[in-house]
Each structure stands twice: as structure tokens, then as C-alpha cells.
Amino acid sequence: MSASAPSPRPFGPYVLTHALGTDALGEAWRAGTARAPRLKPFLLVRTFTAAAIDRSALLSAMETAVNLVDDVQGPTIARGTVMGAIDDIPFLGTLYVEGRTLDHLLAARLLGSPLPVEHGLLIAERLLTALEAGAPVERFTGAAHGFLVPPFVCISNEGETRVFGHGLGAGLLPALKNARTRQTFAPYVAPEVLAEGKPSTPGDLYSVGAILYEALTGRAPPPGVALESVEGANLAVDGTPVPEDIRRLLRRALHPDPRMRDRQISSFRRDLSALLYGGPYAPSTFNLAFFLQKHFDKAIQREKLELAAEEEIDPKTLAVPLVPTSAPAGEPLRRRAVEGSGSRRLESSTGSRRLPVPPARPPERTPRSGPVPVRAVAGPAPKKSLGGAPLWAVAGGAVLLLAAGAFVALRPSAPPPLPVPTPAPAPTLAPPTPALTPAPVVVGKEDPLFVAAVEKKLQDELKKREAKATRDQEAAAKKRQAEIDKTSEEAGKSKDSEETARALREKADRGEASRLAREAVARRKSEAQRAAAAAAAPAVKDGDLVETELIDTLPVSVRQVNPQATRLAIQHHTSGTVLLRVLVDENGEPAKVEILRDTALKVGLGDASKSALEQWRWKPATKDGHKVKTWIVVQVPFKN
């Protein structure tokens with residue numbers, strides 16, 4: 001990802017090191033973790049600072065997404081997701097992937113480097129896989145992603161696709177009321193989603209179709225007439241019409257009527273995969289990586305140098321503590337929690353160790369409220385290409401080895417050779433037999449014979465690798481097609497039972513959504529009543545019970561006791577998060593502990609967590625300088 005000049009500054013538990021770009025939603029940064037003495041690992045952090053952002057709607061969407069993102073896992077999902085608000089700024093972050101976001105890759109057409117057809121189809125297939133992984137989000141928000149646009153897709157230098165931002169659609173769609181934001185992102189948003197502002201899975205499929213259309217043609221589909229534009233679309237790579245088999249897929253995805261699009265993401269992905277691996281294309285992450293290396297070599301090298309320099313930054317010299325002491329005139333000081341109102345914590349990459357998060361703020365903004373707790377999500381280990389070595393290292397090593405072989409082959413035997421730079425040693429390449437009767441040549445990198453020999457050997461090596469990759473892809477395609485055929489046959493036998501189960505699931509989901517809506521209305525009424533009561537209440541004193549939203553400082557844990565998993569939980573390999581509600585009194589002790597939510601399989605983890613919380617101690621909450629009682633929510637995760 002391209003970066004600007006270094007401008008490190010603190011941002012909560014992170015240090016923003018390089019600005020990666022600005023769009024209609026806000027800013028994108030490369031950021032380091034503020035853990036002395038180095039900043040690594042790095043994150044891609046998006047701060048939603050644009051005037052079009054509906055902050056209340058976005059934070060509300062984050063409240064839902066932060067409890068679901070743990071379950072969104074897969075090879076096409078970005079790892080280490082965090083979200084929340086720091087110094088009143090909503091943000092979203094993922095572990096940094098060396099490469100570029102999809103909007104930068106699609107913009108390469110301006111440089112005369114459009115994506116080949118197989119690369120566009122491969123990226124679209126990866127996006128569909130990411131939507132399938134978003135099923136847990138779909139059950140609660142109505143959409144597998146909700147706002148699938150190119151800035152939320154990363155393409156690594158190794159050709160891997162990573163998607164992030166699941167569940168934030170309801171919070172980002174209101175920004176499309178702004179003219180600039182609408183002009184930027186409307187081509188990727190389905191007409192009904194654009195009109196109603198409600199995310200949906202058919203809308204996500206439309207977004208995939210729009211991205212595929214742009215990857216193939218070099219321009220985004222025009223809003224409102226996307227389906228009509230498919231008929232006359234031409235490929236950007238050679239100007240020929242889009243093949244009919246691809247055109248059929250685009251019609252299914254870009255239809256303005258959501259009822260005419262595929263109801264199941266998996267069925268559309270199977271058809272696209274059958275075309276991708278059974279047609280005249282040769283898709284692979286290796287080929288996509290080779291394309292990126294060819295067209296972004298300088299940017300890739302510059303990025304590596306920048307990362308190496310940023311790792312040497314000492315975060316201690318940048319840390320600025322965030323201690324809000326007062327609110328603007330006429331506005332009470334409030335703290336909004338995305339993950340409960342307890343002590344602020346950041347979950348480590350292993351999911352088992354919990355580290356305190358030091359609050360901090362960018363120096364140029366005045367905080368309106370306290371920082372929102374954030375949460376990290378562990379994911380699968382990143383893939384490596386070509387035996388663990390990056391592609392640029394393999395290509396560079398091949399060039400050096402071939403240059404050494406060509407130099408020995410072309411060196412004359414009688415006259416002494418002209419002085420040339422000694423090539424890098426090649427311990428794995430045996431020197432070829434010298435030519436018997438070489439003609440006198442000028443040895444060096446400017447010699448045409450030397451250049452031709454290097455080019456020929458390099459091309460031969462690349463052809464061998466591409467042929468092997470093609471054979472592997474064909475074998476994988478045949479195996480996948482056999483699996484698809486088998487699955488289709490089995491699905492046909494149990495179609496009636498599946499339809500019945502689907503109807504029951506939809507009915508249960510509608511009931512759950514209705515219940516949650518009723519609880520939300522009741523909760524808002526209760527909060528309004530508590531706020532009115534608090535406004536009419538007299539001045540507080542030590543020991544008074546004060547609502548969390550009205551206190552000045554939240555309780556901070558000073559002693560913790562980790563709960564022990566029960567034998568029954570270990571036997572059943574039960575995992576999950578227990579939610580507990582704790583009344584912290586003016587002495588910092590838990591006056592009362594209630595279980596809000598146990599694990600799905602009740603094996604005693606709720607009671608174990610309650611017993612552990614009763615031994616915790618906190619620095620009590622304060623209101624107007626008095627130590628008061630307040631209720632907080634504490635999460636206790638279990639992983640087996």
C-alpha cells in the first residue's frame with residue numbers, strides 16, 4: 001500500500017505512522033502497536049472522520065458487530081480486527097497486509113495496467129468466499145457484510161485477498177446521503193439498499209458484481225443502469241466484448257430487482273468457480289502475485305523500506321496520556337462503551353492473554369468523551385508463497401543465478417576478460433560447461449548476448465512454473481467439480497428437508513429480531529427515564545448509586561482472578577463468552593454479581609465466572625469528586 005511521508009503520532013494504544021489515503025469516509029493509516037521498544041506488528045487503521053459519517057449510527061453498528069466478528073473466520077477474512085472509538089473518533093483496524101487496497105489496484109487502469117480477466121474473476125470468487133464466512137453477521141444484521149466496497153478489500157503482494165468491515169453497513173449507509181460520498185460509493189451499492197438504507201445479502205451480491213464489472217472493464221457500473229451497461233461492455237485489457245458466459249453472471253448479480261439475484265451466495269460462487277477453473281482461464285494467486293510484482297515493483301520495495309524504518313520508532317517518545325477532565329460547556333461528560341462499561345482491555349492475538357490498553361489521543365483534537373474500548377480478533381496464520389519466500393526474493397535470486405551462468409558461458413578462453421562486477425554467489429547452481437569456441441564479445445550487462453541469455457533462461461523458468469501452476473489448478477478444478485457434483489446430488493435428495501429447515505430458521509430469526517427490537521425500545525425508554533431522574537436528582541454523595549452514563553470516571557480493576565473452566569466444559573470442549581453485570585461499590589468491591597449471558601452449552605462456566613468476579617477489586621467510580629456505586633458489564637471468554 002502506498003504511503004506518504006512519515007508523520008508518527010499517538011492514537012490510543014497505537015501510533016499512526018503513515019497516511020495511506022483519504023476518501024469520502026475518512027482516512028486510512030498504517031499504524032504500529034505502542035509496545036516498547038518497537039512498533040511491530042503493524043495495523044491498517046481506518047478513521048471515520050468525514051463530515052458525512054453518522055457517528056451515532058456507526059457506533060451502534062459497531063456495538064453489534066464487535067460481538068459477531070469473532071465468528072467471522074476464513075482464508076479471505078482480514079485478521080486481528082479491532083473497532084471502537086478513540087478520542088471521540090470511530091475507527092476500524094486490521095493486521096496490516098503488505099500490498100494495497102482494491103481501490104488502489106483498480107485505479108491502476110489509469111497507468112495503462114488493467115487487470116487481466118482471470119485476476120478479476122479470482123478476486124470476485126474470493127469476495128464471495130468472504131461473504132459466505134459472514135453468515136453469523138447475516139443472521140443479526142440482514143447482510144453478510146453490509147458495505148462491500150473496494151476500500152474494505154486488501155490485495156497482498158502474494159496475491160491473497162482479505163476482506164474486513166463485516167457488520168458496519170447499517171452505520172455507514174447513512175453517509176450516502178452526502179453528495180460526495182454517494183458519488184464515490186453509489187456504483188457499488190444495490191438500488192434498493194441505496195434507497196432504503198438497509199443492508200442485505202442480495203445487496204452484497206450486487207457489490208461483488210459491481211467490483212467484477214469494474215475489474216473487467218476498467219470503470220464502475222453506472223448507478224441505475226448497471227444491468228443495461230453489461231450488454232455493451234468491453235474488456236479493458238484488449239477492448240474486446242465481455243465473454244457471454246461472464247456476461248450472464250454479471251446480469252444475475254447486477255439485476256435491479258433483488259428477487260432476480262441469487263438468494264444464496266454459495267450457488268453464485270459455485271457457478272463462478274466452475275467458469276473460472278473449467279473455462280479458458282488460468283487463475284492462481286501466483287499469477288496475480290507475478291502481475292503485482294511486475295507493475296508495482298518500485299512501490300513494493302519502497303513499502304519494505306518504510307516498514308523497516310518505522311519498526312525503529314520508539315513509541316515511548318510519542319505517548320501522550322489521554323486524561324479528559326472536563327466536558328464542553330453545556331454538555332455533560334459521557335463515555336460510550338462498545339464492549340461493556342468495565343475496565344478497558346485489548347485482547348491479544350492468541351485470545352488467551354489480556355493486556356491493559358494505555359489511553360492516548362492525537363494532539364490536534366479536543367476530546368468530547370472518553371475512549372471507547374476496542375477488541376481484537378485472532379485469525380488464521382497468513383499464507384506464504386513459494387515455500388515461505390516472498391515472490392520478489394525468488395525472482396531476484398533467479399535473475400542473479402541466471403546472470404552468473406550466462407557470464408561463465410559467454411566468457412572467452414584466450415584473452416583475459418574485461419573487469420566486470422562480481423555477481424552474487426550461487427551455492428545451489430553448478431557452473432555450466434564453458435563454450436568450446438566462444439566468439440569474442442564484450443562481457444557486461446550492456447552486452448546484447450548477455451541480456452538475451454538471461455532473458456531466455458528467466459522466461460524458461462517462468463514458463464515451467466506457470467505450467468506447473470496450471471496443472472495444479474486443473475487437478476484442483478477437477479477435484480472441486482467432482483465435489484460439487486456429489487454435493488448437488490446429495491442436495492437434490494434432501495431438498496424438501498432443507499427447505500423445511502430453512503423455513504424454520506427464517507421463522508426463528510424473525511422471532512429473534514422482533515424480540516431484540518422490543519427489548520431495544522424498552523431499553524431506550526428505561527434509559528430516558530433514568531436520564532430524567534438523574535437530571536432531577538440532588539447532588540450526589542459518597543456511596544450513592546449512579547448510572548454508568550452519568551459518572552465522571554469508570555471503575556478500573558486493580559485485582560483480577562481468572563475463572564477456572566469446569567471439568568464438564570473441558571469434556572465438551574465448550575467455548576464462548578460469559579457476560580456478567582457487576583455492582584461496584586464505593587470501596588471498589590463487587591456488591592452484587594449477576595449472570596447476563598452464559599455459554600450456549602451450560603456447563604457451569606457462568607457460575608465459575610461469577611465466583612471469580614466476586615474476588616475482583618476495582619478503583620471505584622467517581623461523580624463530582626465523590627466515590628459512588630455503579631453497574632458495569634464484564635466479559636469473560638473461554639476457549640477450549
# chains A, B, ... in the order shown; residues from 1 in each chain; ligands from 1

call {"tool": "closest_atom_pairs", "arguments": {"of": "stretch 152-183 of chain A", "to": "stretch 23-39 of chain A", "cutoff": "12 Å", "atoms": "only C-alpha atoms", "output": "JSON lines"}}
result
{"residue": "A:Phe152", "atom": "CA", "partner": "A:Ala28", "partner_atom": "CA", "distance": 10.5}
{"residue": "A:Gly171", "atom": "CA", "partner": "A:Leu25", "partner_atom": "CA", "distance": 11.5}
{"residue": "A:Leu172", "atom": "CA", "partner": "A:Leu25", "partner_atom": "CA", "distance": 8.4}
{"residue": "A:Leu173", "atom": "CA", "partner": "A:Leu25", "partner_atom": "CA", "distance": 10.6}
{"residue": "A:Pro174", "atom": "CA", "partner": "A:Leu25", "partner_atom": "CA", "distance": 11.1}
{"residue": "A:Ala175", "atom": "CA", "partner": "A:Leu25", "partner_atom": "CA", "distance": 7.8}
{"residue": "A:Leu176", "atom": "CA", "partner": "A:Ala24", "partner_atom": "CA", "distance": 9.5}
{"residue": "A:Lys177", "atom": "CA", "partner": "A:Ala24", "partner_atom": "CA", "distance": 11.7}
{"residue": "A:Asn178", "atom": "CA", "partner": "A:Ala24", "partner_atom": "CA", "distance": 9.2}
{"residue": "A:Ala179", "atom": "CA", "partner": "A:Ala24", "partner_atom": "CA", "distance": 9.8}
{"residue": "A:Arg180", "atom": "CA", "partner": "A:Ala24", "partner_atom": "CA", "distance": 6.6}
{"residue": "A:Thr181", "atom": "CA", "partner": "A:Ala24", "partner_atom": "CA", "distance": 5.0}
{"residue": "A:Arg182", "atom": "CA", "partner": "A:Ala24", "partner_atom": "CA", "distance": 8.7}
{"residue": "A:Gln183", "atom": "CA", "partner": "A:Ala24", "partner_atom": "CA", "distance": 9.2}

call {"tool": "write_last_selection", "arguments": {"atoms": "N, CA and C atoms", "output": "compact mmCIF listing (two decimals), in the first residue's frame"}}
result
# COMPACT_ATOMS: atom_id res chain seq x y z
N PHE A 152 -12.52 -1.64 1.49
CA PHE A 152 -12.57 -2.64 2.55
C PHE A 152 -12.04 -4.00 2.07
N GLY A 171 -24.27 1.30 9.83
CA GLY A 171 -23.66 2.52 10.32
C GLY A 171 -23.03 3.37 9.24
N LEU A 172 -22.69 2.78 8.08
CA LEU A 172 -22.02 3.53 7.01
C LEU A 172 -22.98 3.97 5.90
N LEU A 173 -24.08 3.25 5.71
CA LEU A 173 -25.01 3.61 4.64
C LEU A 173 -25.61 5.01 4.81
N PRO A 174 -25.89 5.51 6.05
CA PRO A 174 -26.39 6.89 6.16
C PRO A 174 -25.45 7.92 5.57
N ALA A 175 -24.16 7.62 5.47
CA ALA A 175 -23.22 8.59 4.89
C ALA A 175 -23.49 8.83 3.42
N LEU A 176 -24.23 7.93 2.75
CA LEU A 176 -24.51 8.11 1.32
C LEU A 176 -25.51 9.23 1.06
N LYS A 177 -26.08 9.81 2.11
CA LYS A 177 -26.93 10.99 1.93
C LYS A 177 -26.09 12.19 1.49
N ASN A 178 -24.80 12.16 1.81
CA ASN A 178 -23.89 13.20 1.39
C ASN A 178 -23.56 13.04 -0.10
N ALA A 179 -23.55 14.15 -0.85
CA ALA A 179 -23.39 14.09 -2.31
C ALA A 179 -22.05 13.48 -2.71
N ARG A 180 -20.95 13.89 -2.05
CA ARG A 180 -19.63 13.38 -2.42
C ARG A 180 -19.51 11.90 -2.11
N THR A 181 -19.98 11.50 -0.92
CA THR A 181 -19.91 10.10 -0.54
C THR A 181 -20.76 9.24 -1.48
N ARG A 182 -21.94 9.74 -1.83
CA ARG A 182 -22.82 9.00 -2.73
C ARG A 182 -22.18 8.83 -4.10
N GLN A 183 -21.53 9.88 -4.60
CA GLN A 183 -20.89 9.79 -5.91
C GLN A 183 -19.77 8.75 -5.90

call {"tool": "closest_atom_pairs", "arguments": {"of": "stretch 141-209 of chain A", "to": "stretch 222-233 of chain A", "cutoff": "9 Å", "atoms": "only C-alpha atoms", "output": "tab-separated table"}}
result
residue	atom	partner	partner_atom	distance
A:Ala186	CA	A:Pro223	CA	6.5
A:Pro187	CA	A:Pro223	CA	5.1
A:Tyr188	CA	A:Pro223	CA	8.2
A:Val189	CA	A:Pro223	CA	8.3
A:Ala190	CA	A:Pro223	CA	8.4
A:Pro191	CA	A:Gly224	CA	6.8

call {"tool": "residues_around", "arguments": {"residues": "stretch 564-566 of chain A", "least_positions_apart": "4", "cutoff": "12 Å", "atoms": "only C-alpha atoms", "output": "PyMOL selection string"}}
result
chain A and resi 570-576+578+599+602-613+636-640

call {"tool": "closest_residue", "arguments": {"among": "A:Leu276, A:Ala52, A:Ala143, A:Leu105", "to": "A:Ala476", "atoms": "only C-alpha atoms"}}
result
A:Leu276

call {"tool": "closest_residue", "arguments": {"among": "A:Val208, A:Arg55, A:Asp87, A:Arg139", "to": "A:Gly511", "atoms": "only C-alpha atoms"}}
result
A:Arg139

call {"tool": "closest_residue", "arguments": {"among": "A:Asn157, A:Ser497, A:Ser267, A:Thr217", "to": "A:Phe291", "atoms": "only C-alpha atoms"}}
result
A:Asn157

call {"tool": "select_by_dssp", "arguments": {"residues": "stretch 60-258 of chain A", "states": "helix (DSSP H, G or I)", "output": "ChimeraX atom specification"}}
result
/A:60-65,69-71,102-111,117-133,135-141,150-152,169-177,179-188,191-196,201-217,226-231,244-254,258

call {"tool": "residues_around", "arguments": {"residues": "A:Gly197", "least_positions_apart": "2", "cutoff": "9 Å", "atoms": "only C-alpha atoms", "output": "number ranges by chain"}}
result
A: 169-170, 173-174, 176, 192-195, 199

call {"tool": "write_last_selection", "arguments": {"atoms": "C-alpha atoms", "output": "PDB file, in the first residue's frame"}}
result
ATOM      1  CA  GLY A 169     -23.325  -1.481   6.778  1.00  0.00           C
ATOM      2  CA  ALA A 170     -26.117  -0.012   8.906  1.00  0.00           C
ATOM      3  CA  LEU A 173     -25.012   3.611   4.644  1.00  0.00           C
ATOM      4  CA  PRO A 174     -26.388   6.885   6.163  1.00  0.00           C
ATOM      5  CA  LEU A 176     -24.514   8.108   1.321  1.00  0.00           C
ATOM      6  CA  GLU A 192     -32.823  -0.954  -3.079  1.00  0.00           C
ATOM      7  CA  VAL A 193     -30.087  -0.611  -0.434  1.00  0.00           C
ATOM      8  CA  LEU A 194     -29.326   2.891  -1.699  1.00  0.00           C
ATOM      9  CA  ALA A 195     -33.000   3.847  -1.463  1.00  0.00           C
ATOM     10  CA  PRO A 199     -28.054  -3.702   4.169  1.00  0.00           C
TER      11      PRO A 199
END

call {"tool": "residues_around", "arguments": {"residues": "A:Ala282", "least_positions_apart": "6", "cutoff": "12 Å", "atoms": "only C-alpha atoms", "output": "list in words"}}
result
Pro116, Val117, Glu118, His119, Gly120, Leu121, Leu122, Ser273, Leu275, Leu276, Leu288, Glu466, Ala467, Lys468, Ala469, Thr470, Arg471, Asp472, Gln473, Glu474, Ala476 and Ala477 of chain A

call {"tool": "closest_residue", "arguments": {"among": "A:Leu58, A:Ile632, A:Ile265, A:Ala220", "to": "A:Val584", "atoms": "only C-alpha atoms"}}
result
A:Ile632

call {"tool": "residues_around", "arguments": {"residues": "A:Arg263", "least_positions_apart": "4", "cutoff": "9 Å", "atoms": "only C-alpha atoms", "output": "ChimeraX atom specification"}}
result
/A:201-202,258-259,267-268

call {"tool": "closest_residue", "arguments": {"among": "A:Thr630, A:Pro563, A:Glu98, A:Asp542", "to": "A:Gln301", "atoms": "only C-alpha atoms"}}
result
A:Glu98

call {"tool": "atom_distance", "arguments": {"atom1": "atom CA of A:Val66", "atom2": "atom CA of A:Trp618"}}
result
24.8 Å

call {"tool": "closest_residue", "arguments": {"among": "A:Arg524, A:Lys464, A:Arg219, A:Arg617", "to": "A:Gln560", "atoms": "only C-alpha atoms"}}
result
A:Arg617

call {"tool": "residues_around", "arguments": {"residues": "A:Pro150", "least_positions_apart": "2", "cutoff": "10 Å", "atoms": "only C-alpha atoms", "output": "number ranges by chain"}}
result
A: 101-106, 147-148, 152-154, 163, 185, 188, 207-208, 211

call {"tool": "write_last_selection", "arguments": {"atoms": "C-alpha atoms", "output": "CSV table (one decimal), in the first residue's frame"}}
result
chain,number,residue,atom,x,y,z
A,101,THR,CA,-6.4,-1.9,-1.1
A,102,LEU,CA,-8.6,-2.9,-4.0
A,103,ASP,CA,-9.5,0.7,-4.9
A,104,HIS,CA,-5.8,1.4,-5.5
A,105,LEU,CA,-5.4,-1.7,-7.6
A,106,LEU,CA,-8.4,-0.9,-9.7
A,147,PHE,CA,-21.0,-2.2,2.8
A,148,LEU,CA,-18.7,-4.2,0.5
A,152,PHE,CA,-12.6,-2.6,2.5
A,153,VAL,CA,-10.7,-5.2,0.4
A,154,CYS,CA,-6.9,-5.7,0.7
A,163,VAL,CA,-11.9,-8.5,3.4
A,185,PHE,CA,-19.7,4.6,-3.4
A,188,TYR,CA,-21.2,-0.5,-5.6
A,207,SER,CA,-21.5,-5.2,-4.7
A,208,VAL,CA,-19.5,-8.2,-5.9
A,211,ILE,CA,-16.5,-4.8,-8.4
